Amino acid sequence: MSDISADTLATDRSSAPPKRRIKWSTVVDHSVLIVGSLFMLLPLVVLIQMSSVPDVEVIKTGPSLQIGDQLDDNFNKAMFQASGFSGENTGTSMLINSFILGIGFAVGKIIIGMMAAYAIVYFRLRFATLAFWIIFTTLLLPLEVRILPSYEVVQSLGMLNTYQGLIVPLIASATATFFFRQFFRSVPEELVEAARIDGAGPVKFFIDILVPLSQTMIAAMFIIMFVFGWNQYLWPTMITTDEDMFTLVRGIKQITQDLEGTNIPEYGRANLLAIIAIIPPVFVVIFFQSWFVKGLTESDK
Amino acid sequence: MKRAGFTTAWLPILLLVPQLIIIAVFFYWPAAHAIQSSFYLQDPFGFGSTFVGWENYTHLFSNSEYLRIAGFTVIFTILVTFLSLGLALLLAVKADKVIRGAHSYRTLLMWVYAVAPPVAGFIGLIMFDQSWGPLTEFAQMLGWDFTLGVTYFDTATAMVVVSVWKQVPVNFIFFLSGLQSIPKSVREAALIDNRSASGRFWDVTFPLLAPTAFFLLIINITYSLFDTFGVVDTLVKGEPGNNPMTLVYKVYVDGFRGNDLGGSSAQSVILMVLVLALTVFQFRMVERRIHYT
């Protein structure tokens with residue numbers, strides 16, 4: 001806000017030749033932001049540096065300023081060399097599983113949420129309020145507090161170590177439904193009336209008008225849900241015991257345990273797997289920043 | 001509800017059915033099951049169970065280990081919530097002020113949002129490594145012999161640092177968007193009335209941010225209670241030993257490792273009640289809240 005005062009002062013004195021002065025408040029602002037950014041960024045730099053040098057080097061000296069030439073070697077190890085007992089969880093297979101979980105979760109949640117929200121907002125239902133409450137109670141209890149019985153349900157349905165068992169129970173919360181309900185309620189009512197006068201039925205209205213209208217909302221929701229699904233840990237840890245079903249984030253547990261047991265811990269491989277687990281969700285968040293921020297700040301309120 | 005709507009009877013039911021089935025099978029049934037089994041004592045070998053009433057609960061509240069973990073969870077939650085809120089508010093205020101590089105700062109400060117908690121925990125393991133971790137060396141420079149995973153207090157410190165690192169971006173995003181939604185006219189009026197920047201912040205900006213801050217308070221408490229599971233699990237390397245742990249981690253340890261289904265369920269139910277109370281509190285406060293805009 002001091003900038004506003006600076007600006008107004010500057011225009012007042014515009015007749016005088018502009019004199020370049022260092023504004024200490026601006027210096028302080030930038031220093032705080034730079035320190036903050038470094039606090040966020042430095043750990044990642046350390047990981048990258050460590051995965052560029054041979055593992056023996058890491059054990060001797062730890063992180064240093066030197067950038068080695070082992071990056072592609074370690075990358076090959078991380079992506080194609082399997083660890084564990086069955087030898088099936090290479091980085092590639094974990095990466096594929098992570099994408100299946102992230103995308104499957106996001107798409108499933110959005111489709112089911114939009115359908116339910118459409119039914120609640122646009123139809124006259126006798127039990128609409130009841131349905132509303134049944135659905136929105138789920139916002140209150142996160143999966144973590146009912147994890148054990150949920151596991152038992154999935155087990156009794158024979159869905160352990162399957163993608164359905166991984167994805168569907170995570171969808172059982174109403175965040176997307178709530179989000180789309182809020183949005184649909186802000187859509188002008190005239191649209192429905194116009195559509196009805198033109199003879200469009202509910203299905204046509206939904207597909208031809210409401211879905212195109214919600215494009216930005218769908219994109220925002222997709223980003224948030226993709227990151228949320230990708231980053232799931234506790235649930236995949238319980239549901240997947242087959243190593244070829246591991247996701248990258250689930251595999252982190254394996255990776256840390258691998259570091260414990262061996263003589264020369266494979267820091268290069270472990271760090272690269274962690275970096276690979278970070279990159280896709282971070283890229284999505286950075287490249288679709290404005291949608292993501294919009295979705296985040298509007299959905300949770 | 002919208003006044004103008006469709007009157008087709010079968011379509012809305014068809015639309016609602018998938019959501020309702022998933023919720024019934026994977027939400028209501030497990031939740032009910034947790035409540036039910038919290039009143040039973042499971043046979044350790046899985047042969048049936050006996051009704052024990054409130055025994056699982058009373059047992060928990062007289063268990064010194066459980067109370068110690070509850071105490072740690074409270075302190076952990078308070079520290080993570082206030083440190084991450086404070087840091088994020090400071091950074092958001094500065095990011096709102098600067099003109100040059102505003103976009104880059106925003107990106108640099110928010111990308112960690114997308115890092116999974118266990119991956120953050122893994123990064124913590126590297127940064128606090130016993131022999132060469134940069135943060136261990138930094139602590140040693142200050143004369144603090146930091147031993148992650150061995151000393152209770154040091155492990156707790158690492159948990160707080162990693163959890164704060166992971167949580168600052170979310171708070172930052174919300175505070176920044178809150179700050180940017182303050183109308184320019186209000187800021188200019190404040191500028192005329194009050195020349196001191198800190199005075200303007202506490203008298204005008206902060207009260208306008210209060211609804212955001214309150215909302216974030218609840219979000220952060222929920223985060224510290226539940227989402228830090230991954231951080232805790234990786235930092236203790238799956239072997240809690242005498243390291244600190246949170247209540248959610250205890251549910252997992254007792255239910256999965258200890259096969260104490262009744263005790264674990266009772267803990268789940270306590271957490272459910274806690275979350276419900278928090279949410280009800282949040283709704284009531286939001287209703288009562290004065291909205292300035």
# chains A, B, ... in the order shown; residues from 1 in each chain; ligands from 1

call {"tool": "residues_around", "arguments": {"residues": "B:Leu179", "least_positions_apart": "6", "cutoff": "10 Å", "atoms": "only C-alpha atoms", "output": "MDAnalysis selection string"}}
result
chainID B and resid 89 92:93 95:97 173 205:206 208:209 212

call {"tool": "write_last_selection", "arguments": {"atoms": "all heavy atoms", "output": "compact mmCIF listing (two decimals), in the first residue's frame"}}
result
# COMPACT_ATOMS: atom_id res chain seq x y z
N LEU B 89 0.55 -15.11 5.78
CA LEU B 89 -0.01 -13.76 5.80
C LEU B 89 1.08 -12.74 5.48
O LEU B 89 0.90 -11.83 4.67
CB LEU B 89 -0.64 -13.48 7.16
CG LEU B 89 -1.29 -12.10 7.31
CD1 LEU B 89 -2.39 -11.91 6.27
CD2 LEU B 89 -1.89 -11.92 8.71
N ALA B 92 1.91 -12.99 1.83
CA ALA B 92 0.82 -12.50 0.98
C ALA B 92 0.76 -10.98 0.99
O ALA B 92 0.57 -10.34 -0.05
CB ALA B 92 -0.51 -13.09 1.43
N VAL B 93 0.96 -10.39 2.17
CA VAL B 93 0.92 -8.92 2.25
C VAL B 93 2.04 -8.33 1.40
O VAL B 93 1.85 -7.37 0.65
CB VAL B 93 1.04 -8.46 3.72
CG1 VAL B 93 1.31 -6.97 3.81
CG2 VAL B 93 -0.23 -8.80 4.47
N ALA B 95 3.59 -9.84 -1.15
CA ALA B 95 3.37 -10.15 -2.56
C ALA B 95 2.29 -9.25 -3.15
O ALA B 95 2.28 -8.97 -4.35
CB ALA B 95 2.97 -11.61 -2.72
N ASP B 96 1.37 -8.79 -2.29
CA ASP B 96 0.32 -7.90 -2.75
C ASP B 96 0.88 -6.49 -3.00
O ASP B 96 0.36 -5.74 -3.81
CB ASP B 96 -0.79 -7.86 -1.69
CG ASP B 96 -1.98 -7.06 -2.16
OD1 ASP B 96 -2.37 -7.24 -3.33
OD2 ASP B 96 -2.51 -6.25 -1.38
N LYS B 97 1.96 -6.16 -2.28
CA LYS B 97 2.51 -4.81 -2.38
C LYS B 97 3.42 -4.63 -3.58
O LYS B 97 3.39 -3.61 -4.24
CB LYS B 97 3.32 -4.50 -1.11
CG LYS B 97 2.52 -3.74 -0.06
CD LYS B 97 3.20 -3.81 1.27
CE LYS B 97 4.04 -2.60 1.56
NZ LYS B 97 4.67 -2.70 2.89
N ILE B 173 -2.24 -18.56 -0.96
CA ILE B 173 -3.17 -18.35 -2.07
C ILE B 173 -4.45 -17.68 -1.58
O ILE B 173 -4.93 -16.71 -2.16
CB ILE B 173 -3.50 -19.71 -2.74
CG1 ILE B 173 -2.26 -20.27 -3.43
CG2 ILE B 173 -4.63 -19.55 -3.76
CD1 ILE B 173 -2.41 -21.73 -3.84
N THR B 205 -6.93 -3.50 6.82
CA THR B 205 -6.72 -4.71 6.04
C THR B 205 -7.05 -5.96 6.84
O THR B 205 -7.75 -6.86 6.37
CB THR B 205 -5.26 -4.79 5.55
OG1 THR B 205 -4.89 -3.50 5.10
CG2 THR B 205 -5.11 -5.78 4.44
N PHE B 206 -6.52 -6.03 8.05
CA PHE B 206 -6.69 -7.26 8.82
C PHE B 206 -8.16 -7.59 9.11
O PHE B 206 -8.59 -8.73 8.92
CB PHE B 206 -5.87 -7.21 10.11
CG PHE B 206 -5.77 -8.54 10.79
CD1 PHE B 206 -4.99 -9.54 10.26
CD2 PHE B 206 -6.49 -8.80 11.94
CE1 PHE B 206 -4.90 -10.79 10.86
CE2 PHE B 206 -6.41 -10.03 12.55
CZ PHE B 206 -5.62 -11.02 12.02
N LEU B 208 -10.65 -6.80 7.36
CA LEU B 208 -11.26 -7.23 6.11
C LEU B 208 -10.86 -8.65 5.75
O LEU B 208 -11.58 -9.35 5.04
CB LEU B 208 -10.86 -6.28 4.98
CG LEU B 208 -11.59 -4.94 4.96
CD1 LEU B 208 -10.97 -3.99 3.98
CD2 LEU B 208 -13.06 -5.15 4.63
N LEU B 209 -9.69 -9.06 6.23
CA LEU B 209 -9.23 -10.42 5.95
C LEU B 209 -9.78 -11.43 6.96
O LEU B 209 -9.62 -12.64 6.77
CB LEU B 209 -7.70 -10.48 6.00
CG LEU B 209 -6.93 -10.09 4.75
CD1 LEU B 209 -5.45 -10.26 5.02
CD2 LEU B 209 -7.35 -10.96 3.58
N THR B 212 -11.59 -14.58 5.83
CA THR B 212 -10.65 -15.51 5.18
C THR B 212 -9.82 -16.23 6.24
O THR B 212 -9.65 -17.45 6.20
CB THR B 212 -9.71 -14.76 4.24
OG1 THR B 212 -10.49 -13.93 3.40
CG2 THR B 212 -8.90 -15.71 3.40

call {"tool": "select_by_dssp", "arguments": {"residues": "stretch 117-271 of chain B", "states": "alpha helix (DSSP H)", "output": "ChimeraX atom specification"}}
result
/B:117-127,134-141,152-180,184-193,197-200,206-222,229-235,247-252,261-271

call {"tool": "write_last_selection", "arguments": {"atoms": "C-alpha atoms", "output": "short mmCIF file (atom, residue, chain, number, x, y, z; two decimals), in the first residue's frame"}}
result
data_model
loop_
_atom_site.label_atom_id
_atom_site.label_comp_id
_atom_site.auth_asym_id
_atom_site.auth_seq_id
_atom_site.Cartn_x
_atom_site.Cartn_y
_atom_site.Cartn_z
CA PRO B 117 2.54 -34.91 2.19
CA PRO B 118 4.63 -38.14 2.18
CA VAL B 119 6.90 -36.69 -0.50
CA ALA B 120 7.28 -33.62 1.70
CA GLY B 121 8.14 -36.02 4.52
CA PHE B 122 10.74 -37.69 2.31
CA ILE B 123 12.28 -34.30 1.54
CA GLY B 124 12.32 -33.73 5.31
CA LEU B 125 14.25 -36.99 5.75
CA ILE B 126 16.88 -35.75 3.30
CA MET B 127 17.09 -32.24 4.74
CA PRO B 134 21.63 -29.35 5.40
CA LEU B 135 19.17 -28.49 8.17
CA THR B 136 20.92 -30.81 10.64
CA GLU B 137 24.16 -29.00 9.89
CA PHE B 138 22.39 -25.68 10.33
CA ALA B 139 21.07 -26.81 13.73
CA GLN B 140 24.56 -27.95 14.69
CA MET B 141 25.91 -24.52 13.79
CA TYR B 152 11.36 -37.10 20.60
CA PHE B 153 11.66 -33.33 20.53
CA ASP B 154 13.80 -33.28 17.37
CA THR B 155 11.43 -35.53 15.44
CA ALA B 156 8.53 -33.34 16.55
CA THR B 157 10.41 -30.24 15.33
CA ALA B 158 11.02 -31.83 11.94
CA MET B 159 7.32 -32.76 11.69
CA VAL B 160 6.28 -29.19 12.40
CA VAL B 161 8.81 -27.70 9.95
CA VAL B 162 7.81 -30.05 7.12
CA SER B 163 4.08 -29.62 7.77
CA VAL B 164 4.42 -25.84 7.80
CA TRP B 165 6.45 -25.91 4.59
CA LYS B 166 3.69 -27.93 2.95
CA GLN B 167 0.84 -25.75 4.25
CA VAL B 168 2.13 -22.19 3.67
CA PRO B 169 1.14 -22.18 -0.05
CA VAL B 170 -2.57 -22.88 0.53
CA ASN B 171 -2.81 -20.13 3.11
CA PHE B 172 -0.79 -17.83 0.87
CA ILE B 173 -3.17 -18.35 -2.07
CA PHE B 174 -6.24 -17.60 0.06
CA PHE B 175 -4.73 -14.57 1.79
CA LEU B 176 -3.49 -13.13 -1.50
CA SER B 177 -6.87 -13.53 -3.18
CA GLY B 178 -8.48 -12.03 -0.07
CA LEU B 179 -6.14 -9.05 -0.20
CA GLN B 180 -6.70 -8.55 -3.90
CA LYS B 184 -9.11 0.10 -4.25
CA SER B 185 -11.42 2.82 -2.92
CA VAL B 186 -11.19 1.36 0.59
CA ARG B 187 -7.40 1.32 0.42
CA GLU B 188 -7.24 4.91 -0.77
CA ALA B 189 -9.61 6.08 1.91
CA ALA B 190 -7.47 4.34 4.51
CA LEU B 191 -4.41 5.99 3.05
CA ILE B 192 -5.91 9.43 3.64
CA ASP B 193 -6.99 8.61 7.18
CA ALA B 197 1.46 1.44 7.09
CA SER B 198 1.24 -0.92 10.06
CA GLY B 199 -1.67 1.05 11.49
CA ARG B 200 -3.49 0.73 8.17
CA PHE B 206 -6.69 -7.26 8.82
CA PRO B 207 -10.37 -6.92 9.79
CA LEU B 208 -11.26 -7.23 6.11
CA LEU B 209 -9.23 -10.42 5.95
CA ALA B 210 -10.79 -11.83 9.12
CA PRO B 211 -13.41 -13.99 7.37
CA THR B 212 -10.65 -15.51 5.18
CA ALA B 213 -8.43 -16.03 8.22
CA PHE B 214 -11.21 -17.71 10.15
CA PHE B 215 -12.05 -20.01 7.28
CA LEU B 216 -8.35 -20.84 6.95
CA LEU B 217 -8.10 -21.55 10.66
CA ILE B 218 -10.56 -24.43 10.30
CA ILE B 219 -8.87 -25.66 7.11
CA ASN B 220 -5.49 -25.65 8.87
CA ILE B 221 -6.76 -27.49 11.93
CA THR B 222 -8.25 -30.17 9.68
CA PHE B 229 -0.51 -38.51 8.13
CA GLY B 230 1.89 -38.86 5.20
CA VAL B 231 4.42 -36.49 6.77
CA VAL B 232 4.36 -38.36 10.07
CA ASP B 233 4.54 -41.79 8.44
CA THR B 234 7.59 -41.01 6.30
CA LEU B 235 9.44 -39.06 8.99
CA LEU B 247 -4.16 -39.17 16.68
CA VAL B 248 -4.91 -40.24 13.11
CA TYR B 249 -1.62 -42.10 12.97
CA LYS B 250 -2.55 -43.85 16.19
CA VAL B 251 -5.85 -45.01 14.65
CA TYR B 252 -3.86 -46.54 11.82
CA LEU B 261 -10.40 -53.06 15.93
CA GLY B 262 -12.59 -51.93 18.82
CA GLY B 263 -10.05 -49.50 20.27
CA SER B 264 -9.17 -48.16 16.84
CA SER B 265 -12.86 -47.66 16.00
CA ALA B 266 -13.45 -45.84 19.27
CA GLN B 267 -10.57 -43.51 18.33
CA SER B 268 -12.15 -42.99 14.89
CA VAL B 269 -15.45 -42.07 16.51
CA ILE B 270 -13.73 -39.57 18.81
CA LEU B 271 -12.14 -37.96 15.74
#

call {"tool": "residues_around", "arguments": {"residues": "A:Ile111", "least_positions_apart": "2", "cutoff": "10 Å", "atoms": "only C-alpha atoms", "output": "list in words"}}
result
Ala106, Val107, Gly108, Lys109, Gly113, Met114, Met115, Ala116, Ala117, Ala176, Thr177 and Ile218 of chain A; Pro18 and Gln19 of chain B

call {"tool": "closest_residue", "arguments": {"among": "B:Asp260, B:Asp227, B:Glu239, B:Glu55", "to": "A:Leu234", "atoms": "only C-alpha atoms"}}
result
B:Asp227

call {"tool": "residues_around", "arguments": {"residues": "B:Ile75", "least_positions_apart": "2", "cutoff": "12 Å", "atoms": "only C-alpha atoms", "output": "ChimeraX atom specification"}}
result
/B:68-73,77-83,156-157,159-160,221,224-225,244-247

call {"tool": "closest_residue", "arguments": {"among": "B:Val204, B:Leu108, B:Val253, B:Leu67", "to": "chain A", "atoms": "only C-alpha atoms"}}
result
B:Leu108

call {"tool": "atom_distance", "arguments": {"atom1": "atom CA of A:Ile67", "atom2": "atom CA of A:Ile276"}}
result
18.7 Å

call {"tool": "interface_residues", "arguments": {"of": "chain A", "to": "chain B", "cutoff": "7 Å", "atoms": "only C-alpha atoms", "output": "JSON list (two decimals) with N, CA, C and O atoms, in the first residue's frame"}}
result
[["chain", "number", "residue", "atom", "x", "y", "z"],
["A", 1, "MET", "N", 0.82, -1.21, 0.00],
["A", 1, "MET", "CA", 0.00, 0.00, 0.00],
["A", 1, "MET", "C", 0.85, 1.26, 0.00],
["A", 1, "MET", "O", 0.38, 2.32, -0.39],
["A", 2, "SER", "N", 2.10, 1.11, 0.43],
["A", 2, "SER", "CA", 2.98, 2.27, 0.40],
["A", 2, "SER", "C", 3.23, 2.68, -1.04],
["A", 2, "SER", "O", 3.58, 3.82, -1.32],
["A", 3, "ASP", "N", 3.02, 1.75, -1.96],
["A", 3, "ASP", "CA", 3.24, 2.06, -3.37],
["A", 3, "ASP", "C", 2.26, 3.10, -3.86],
["A", 3, "ASP", "O", 2.58, 3.93, -4.69],
["A", 29, "ASP", "N", 10.31, -5.53, 1.31],
["A", 29, "ASP", "CA", 9.29, -6.38, 0.70],
["A", 29, "ASP", "C", 9.93, -7.48, -0.14],
["A", 29, "ASP", "O", 9.60, -8.65, -0.01],
["A", 33, "LEU", "N", 10.12, -11.63, 0.35],
["A", 33, "LEU", "CA", 9.60, -12.55, -0.66],
["A", 33, "LEU", "C", 10.68, -13.47, -1.19],
["A", 33, "LEU", "O", 10.42, -14.65, -1.46],
["A", 37, "SER", "N", 10.61, -17.44, -0.96],
["A", 37, "SER", "CA", 10.71, -18.28, -2.15],
["A", 37, "SER", "C", 11.83, -19.29, -2.00],
["A", 37, "SER", "O", 11.69, -20.45, -2.40],
["A", 40, "MET", "N", 10.88, -22.17, 0.12],
["A", 40, "MET", "CA", 10.06, -23.14, -0.59],
["A", 40, "MET", "C", 10.90, -23.95, -1.58],
["A", 40, "MET", "O", 10.69, -25.14, -1.77],
["A", 43, "PRO", "N", 14.78, -26.99, -0.89],
["A", 43, "PRO", "CA", 14.76, -28.45, -0.76],
["A", 43, "PRO", "C", 14.76, -29.15, -2.12],
["A", 43, "PRO", "O", 15.43, -30.17, -2.29],
["A", 61, "THR", "N", 29.80, -37.01, 1.29],
["A", 61, "THR", "CA", 29.75, -35.56, 1.54],
["A", 61, "THR", "C", 28.34, -35.02, 1.73],
["A", 61, "THR", "O", 28.19, -33.91, 2.23],
["A", 62, "GLY", "N", 27.33, -35.75, 1.30],
["A", 62, "GLY", "CA", 25.99, -35.20, 1.36],
["A", 62, "GLY", "C", 25.79, -34.18, 0.26],
["A", 62, "GLY", "O", 26.58, -34.12, -0.68],
["A", 112, "ILE", "N", -19.87, -37.51, -11.67],
["A", 112, "ILE", "CA", -20.89, -37.85, -10.67],
["A", 112, "ILE", "C", -21.37, -36.60, -9.94],
["A", 112, "ILE", "O", -22.57, -36.42, -9.70],
["A", 115, "MET", "N", -23.70, -34.50, -12.25],
["A", 115, "MET", "CA", -25.01, -35.11, -12.39],
["A", 115, "MET", "C", -25.87, -34.86, -11.15],
["A", 115, "MET", "O", -27.03, -34.42, -11.26],
["A", 116, "ALA", "N", -25.28, -35.11, -9.98],
["A", 116, "ALA", "CA", -26.05, -34.94, -8.75],
["A", 116, "ALA", "C", -26.44, -33.47, -8.55],
["A", 116, "ALA", "O", -27.57, -33.16, -8.18],
["A", 119, "ALA", "N", -29.31, -32.54, -10.76],
["A", 119, "ALA", "CA", -30.59, -33.05, -10.26],
["A", 119, "ALA", "C", -31.09, -32.21, -9.10],
["A", 119, "ALA", "O", -32.28, -31.91, -9.00],
["A", 121, "VAL", "N", -30.36, -29.00, -8.32],
["A", 121, "VAL", "CA", -30.67, -27.59, -8.58],
["A", 121, "VAL", "C", -31.82, -27.43, -9.56],
["A", 121, "VAL", "O", -32.66, -26.56, -9.40],
["A", 122, "TYR", "N", -31.91, -28.28, -10.59],
["A", 122, "TYR", "CA", -32.82, -27.98, -11.69],
["A", 122, "TYR", "C", -34.12, -28.78, -11.70],
["A", 122, "TYR", "O", -34.91, -28.65, -12.59],
["A", 123, "PHE", "N", -34.31, -29.66, -10.73],
["A", 123, "PHE", "CA", -35.54, -30.45, -10.77],
["A", 123, "PHE", "C", -36.36, -30.23, -9.51],
["A", 123, "PHE", "O", -35.81, -29.97, -8.45],
["A", 124, "ARG", "N", -37.66, -30.35, -9.68],
["A", 124, "ARG", "CA", -38.51, -30.28, -8.50],
["A", 124, "ARG", "C", -38.68, -31.68, -7.97],
["A", 124, "ARG", "O", -39.37, -32.51, -8.55],
["A", 140, "LEU", "N", -18.42, -33.68, 6.01],
["A", 140, "LEU", "CA", -17.99, -33.49, 7.40],
["A", 140, "LEU", "C", -16.91, -34.47, 7.83],
["A", 140, "LEU", "O", -16.11, -34.15, 8.69],
["A", 141, "LEU", "N", -16.92, -35.67, 7.26],
["A", 141, "LEU", "CA", -15.99, -36.66, 7.77],
["A", 141, "LEU", "C", -14.98, -37.10, 6.72],
["A", 141, "LEU", "O", -15.34, -37.76, 5.76],
["A", 144, "GLU", "N", -9.99, -40.36, 6.41],
["A", 144, "GLU", "CA", -9.04, -40.84, 7.41],
["A", 144, "GLU", "C", -9.72, -41.34, 8.68],
["A", 144, "GLU", "O", -9.19, -42.21, 9.35],
["A", 145, "VAL", "N", -10.88, -40.79, 9.03],
["A", 145, "VAL", "CA", -11.49, -41.22, 10.30],
["A", 145, "VAL", "C", -12.30, -42.50, 10.15],
["A", 145, "VAL", "O", -12.67, -43.12, 11.13],
["A", 146, "ARG", "N", -12.62, -42.88, 8.93],
["A", 146, "ARG", "CA", -13.39, -44.14, 8.76],
["A", 146, "ARG", "C", -12.60, -45.10, 7.89],
["A", 146, "ARG", "O", -13.14, -45.86, 7.11],
["A", 148, "LEU", "N", -10.59, -47.73, 8.51],
["A", 148, "LEU", "CA", -10.59, -49.18, 8.73],
["A", 148, "LEU", "C", -11.86, -49.85, 8.21],
["A", 148, "LEU", "O", -11.77, -50.81, 7.44],
["A", 149, "PRO", "N", -13.05, -49.37, 8.61],
["A", 149, "PRO", "CA", -14.26, -49.97, 8.06],
["A", 149, "PRO", "C", -14.34, -49.83, 6.54],
["A", 149, "PRO", "O", -14.84, -50.74, 5.87],
["A", 150, "SER", "N", -13.84, -48.70, 5.99],
["A", 150, "SER", "CA", -13.86, -48.56, 4.54],
["A", 150, "SER", "C", -13.01, -49.65, 3.90],
["A", 150, "SER", "O", -13.38, -50.23, 2.87],
["A", 169, "PRO", "N", -13.99, -45.44, -3.72],
["A", 169, "PRO", "CA", -14.25, -44.97, -2.36],
["A", 169, "PRO", "C", -13.79, -43.53, -2.12],
["A", 169, "PRO", "O", -14.36, -42.81, -1.31],
["A", 172, "ALA", "N", -16.46, -40.90, -2.72],
["A", 172, "ALA", "CA", -17.58, -40.80, -1.79],
["A", 172, "ALA", "C", -17.49, -39.59, -0.88],
["A", 172, "ALA", "O", -17.52, -39.71, 0.34],
["A", 189, "GLU", "N", -31.59, -17.79, -14.38],
["A", 189, "GLU", "CA", -32.74, -18.66, -14.57],
["A", 189, "GLU", "C", -33.35, -18.54, -15.95],
["A", 189, "GLU", "O", -33.98, -19.47, -16.44],
["A", 193, "GLU", "N", -35.60, -21.12, -18.78],
["A", 193, "GLU", "CA", -36.90, -20.79, -19.36],
["A", 193, "GLU", "C", -36.81, -20.69, -20.87],
["A", 193, "GLU", "O", -37.66, -21.23, -21.59],
["A", 202, "PRO", "N", -34.61, -31.68, -20.60],
["A", 202, "PRO", "CA", -33.57, -31.58, -19.57],
["A", 202, "PRO", "C", -32.22, -32.14, -20.02],
["A", 202, "PRO", "O", -31.18, -31.58, -19.66],
["A", 227, "VAL", "N", -4.78, -33.17, -8.62],
["A", 227, "VAL", "CA", -3.71, -33.05, -7.63],
["A", 227, "VAL", "C", -4.07, -33.83, -6.37],
["A", 227, "VAL", "O", -3.25, -34.56, -5.80],
["A", 231, "ASN", "N", -2.01, -37.18, -5.10],
["A", 231, "ASN", "CA", -1.30, -37.10, -3.83],
["A", 231, "ASN", "C", -1.84, -38.01, -2.74],
["A", 231, "ASN", "O", -1.38, -37.95, -1.61],
["A", 233, "TYR", "N", -2.31, -40.94, -0.25],
["A", 233, "TYR", "CA", -1.26, -41.77, 0.33],
["A", 233, "TYR", "C", -1.83, -42.89, 1.20],
["A", 233, "TYR", "O", -1.62, -44.07, 0.95],
["A", 249, "VAL", "N", 3.34, -41.93, -5.17],
["A", 249, "VAL", "CA", 3.27, -41.42, -3.80],
["A", 249, "VAL", "C", 3.22, -42.58, -2.81],
["A", 249, "VAL", "O", 3.86, -42.55, -1.75],
["A", 252, "ILE", "N", 6.67, -44.09, -2.21],
["A", 252, "ILE", "CA", 7.61, -43.35, -1.36],
["A", 252, "ILE", "C", 7.96, -44.15, -0.12],
["A", 252, "ILE", "O", 9.10, -44.18, 0.33],
["A", 253, "LYS", "N", 6.96, -44.86, 0.42],
["A", 253, "LYS", "CA", 7.20, -45.64, 1.62],
["A", 253, "LYS", "C", 8.25, -46.72, 1.34],
["A", 253, "LYS", "O", 9.20, -46.89, 2.11],
["A", 256, "THR", "N", 11.77, -45.14, 0.99],
["A", 256, "THR", "CA", 12.47, -44.81, 2.23],
["A", 256, "THR", "C", 12.95, -46.08, 2.93],
["A", 256, "THR", "O", 14.01, -46.08, 3.54],
["A", 274, "ALA", "N", 11.19, -39.25, -6.18],
["A", 274, "ALA", "CA", 10.45, -38.20, -5.46],
["A", 274, "ALA", "C", 10.20, -37.01, -6.39],
["A", 274, "ALA", "O", 9.10, -36.45, -6.42],
["A", 278, "ILE", "N", 6.69, -35.36, -7.91],
["A", 278, "ILE", "CA", 6.32, -33.96, -7.70],
["A", 278, "ILE", "C", 5.94, -33.30, -9.01],
["A", 278, "ILE", "O", 4.99, -32.50, -9.07],
["A", 281, "PRO", "N", 1.89, -32.98, -10.84],
["A", 281, "PRO", "CA", 0.92, -32.08, -10.19],
["A", 281, "PRO", "C", 1.42, -30.64, -10.13],
["A", 281, "PRO", "O", 0.63, -29.71, -10.29],
["A", 282, "VAL", "N", 2.73, -30.46, -9.92],
["A", 282, "VAL", "CA", 3.24, -29.08, -9.85],
["A", 282, "VAL", "C", 3.10, -28.39, -11.21],
["A", 282, "VAL", "O", 2.68, -27.23, -11.27],
["A", 285, "VAL", "N", -0.44, -27.32, -11.69],
["A", 285, "VAL", "CA", -0.78, -26.15, -10.87],
["A", 285, "VAL", "C", -0.15, -24.87, -11.43],
["A", 285, "VAL", "O", -0.78, -23.82, -11.49],
["A", 286, "ILE", "N", 1.09, -24.98, -11.90],
["A", 286, "ILE", "CA", 1.76, -23.76, -12.38],
["A", 286, "ILE", "C", 1.17, -23.30, -13.71],
["A", 286, "ILE", "O", 0.88, -22.12, -13.90],
["A", 297, "THR", "N", -10.20, -21.02, -4.44],
["A", 297, "THR", "CA", -10.74, -20.01, -3.54],
["A", 297, "THR", "C", -12.26, -19.95, -3.62],
["A", 297, "THR", "O", -12.91, -19.49, -2.71]]

call {"tool": "atom_distance", "arguments": {"atom1": "atom CA of B:Phe128", "atom2": "atom CA of B:Phe146"}}
result
8.1 Å

call {"tool": "residues_around", "arguments": {"residues": "A:Glu57", "least_positions_apart": "6", "cutoff": "12 Å", "atoms": "only C-alpha atoms", "output": "PyMOL selection string"}}
result
(chain A and resi 49-51+63-64+66-68+70+264-268) or (chain B and resi 132)

call {"tool": "atom_distance", "arguments": {"atom1": "atom CA of A:Gln232", "atom2": "atom CA of A:Ser173"}}
result
14.4 Å

call {"tool": "residues_around", "arguments": {"residues": "A:Phe105", "least_positions_apart": "2", "cutoff": "7 Å", "atoms": "only C-alpha atoms", "output": "list in words"}}
result
Leu101, Gly102, Ile103, Val107, Gly108, Lys109, Ile167, Ile171, Phe226 and Gly229 of chain A

call {"tool": "residues_around", "arguments": {"residues": "B:Tyr40", "least_positions_apart": "4", "cutoff": "8 Å", "atoms": "only C-alpha atoms", "output": "VMD selection string"}}
result
chain B and resid 36 49 to 53 56 262

call {"tool": "select_by_dssp", "arguments": {"residues": "stretch 4-193 of chain B", "states": "strand (DSSP E)", "output": "ChimeraX atom specification"}}
result
/B:40-42,49-51
